[in-house]
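**Student:** Below are the structure tokens for one structure; questions will follow.
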Amino acid sequence: METLKVRFVADSMLGKLAKWLRVLGCDTRYKSYYGPGVIDQLVEDGGRLLSRRKETTDLYDNAVLIRSTDTGEQMAELRQKIDFVPDPSKWFSRCLICNVLLEAVDTDEARENVPEYVFYKNMTGIRSCPSCERFFWPGTHRERMAGTLMRWGFGLGPDA
């Protein structure tokens, strides 16, 4: 299997799956509500629709019907249905809220925006979202997320 670069569009029923796809570094659009024609445009622009509604997936050639309500099982379905193999070097590279790629921050900016103990422990690993301006760093939360991904059958990503 080779790594896959896919842009996903998760419908309103798949918010948790969208977050975890972002953890894996996948470009994943998600809203709790899509206005008329928005999904059509996102799919037309190259997004692959993920939905729990068969009626919705039947409307798009490249859509994936997700049956489970459990996020780990949803990941397994995705892996099975499209041979989904995310690139481990992309893990933790996107904002979990905005879906924007995270950027490195300079030392002064990091020092001013994260707790002191985080700064001194992770000086080189602190990144920020240019859209929502949240800061991210490799800490225990990230270790737990990497552990969850491992339980779901994904290989060890960077800095896990």
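If you're wondering about the labels, chains in the structure tokens are A, B, ... by order shown, residues count from 1 in each chain, ligands from 1 in order shown.
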Could you give me, as JSON lines, every region 3-61 of chain A residue with an atom at most 8 Å from region 99-107 of chain A, plus its closest atom pair and distance in Å to one decimal, counting only C-alpha atoms, rows ordered by chain then number?
**Tutor:**
```
{"residue": "A:Arg22", "atom": "CA", "partner": "A:Asn99", "partner_atom": "CA", "distance": 6.5}
{"residue": "A:Asp27", "atom": "CA", "partner": "A:Asn99", "partner_atom": "CA", "distance": 6.5}
{"residue": "A:Thr28", "atom": "CA", "partner": "A:Asn99", "partner_atom": "CA", "distance": 6.5}
{"residue": "A:Arg29", "atom": "CA", "partner": "A:Asn99", "partner_atom": "CA", "distance": 7.0}
```
**Student:** Generate a file of the selected residues that holds C-alpha atoms, formatted as a PDB file, in the first residue's frame.
**Tutor:**
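result_27.pdb, freshly written:
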```pdb
ATOM      1  CA  ARG A  22      -7.153  16.080  10.580  1.00  0.00           C
ATOM      2  CA  ASP A  27      -7.331  17.880   4.424  1.00  0.00           C
ATOM      3  CA  THR A  28     -10.844  17.373   5.809  1.00  0.00           C
ATOM      4  CA  ARG A  29     -13.666  19.862   5.389  1.00  0.00           C
TER       5      ARG A  29
END
```
**Student:** Running DSSP on the backbone, which parts of chain A land in strand (DSSP E), as a compact mmCIF listing (two decimals) with C-alpha atoms, in the first residue's frame?
**Tutor:**
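Result file part-v3.txt:
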```
# COMPACT_ATOMS: atom_id res chain seq x y z
CA ARG A 7 -9.22 15.70 0.39
CA PHE A 8 -12.26 14.71 2.38
CA VAL A 9 -15.62 16.37 2.89
CA ALA A 10 -17.29 14.99 6.02
CA ASP A 27 -7.33 17.88 4.42
CA THR A 28 -10.84 17.37 5.81
CA ARG A 29 -13.67 19.86 5.39
CA TYR A 30 -16.38 19.65 8.00
CA GLY A 47 -13.23 16.53 -2.18
CA ARG A 48 -14.31 12.98 -1.44
CA LEU A 49 -17.59 12.95 0.44
CA LEU A 50 -17.91 10.87 3.59
CA SER A 51 -21.44 10.40 4.89
CA VAL A 64 -17.93 6.74 0.84
CA LEU A 65 -20.79 5.47 2.99
CA GLU A 103 3.14 26.77 11.01
CA ALA A 104 6.33 26.94 13.03
CA ARG A 127 3.34 25.38 16.12
CA SER A 128 0.35 27.61 15.53
CA PHE A 135 -0.99 26.90 19.56
CA PHE A 136 -0.12 23.21 19.43
```
**Student:** Leaving out Pro115 (chain A) and any residue of its chain fewer than 4 positions from it, which residues lie within 12 Å of it when counting only C-alpha atoms, given as number ranges by chain?
**Tutor:** A: 109-111, 119-123, 126, 135-137
**Student:** With distances taken over only C-alpha atoms, which residue among A:Ile39, A:Lys54, A:Ala76, A:Cys95 lies nearest Leu17 (chain A)?
**Tutor:**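 For Leu17 (chain A), the nearest of the given residues is A:Ala76.
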**Student:** Name all residues at most 12 Å from Thr148 (chain A) (count only C-alpha atoms; drop same-chain ones fewer than 4 positions away) and give them as number ranges by chain.
**Tutor:** A: 20, 23-24, 71-72, 75, 141-144, 152-157, 160
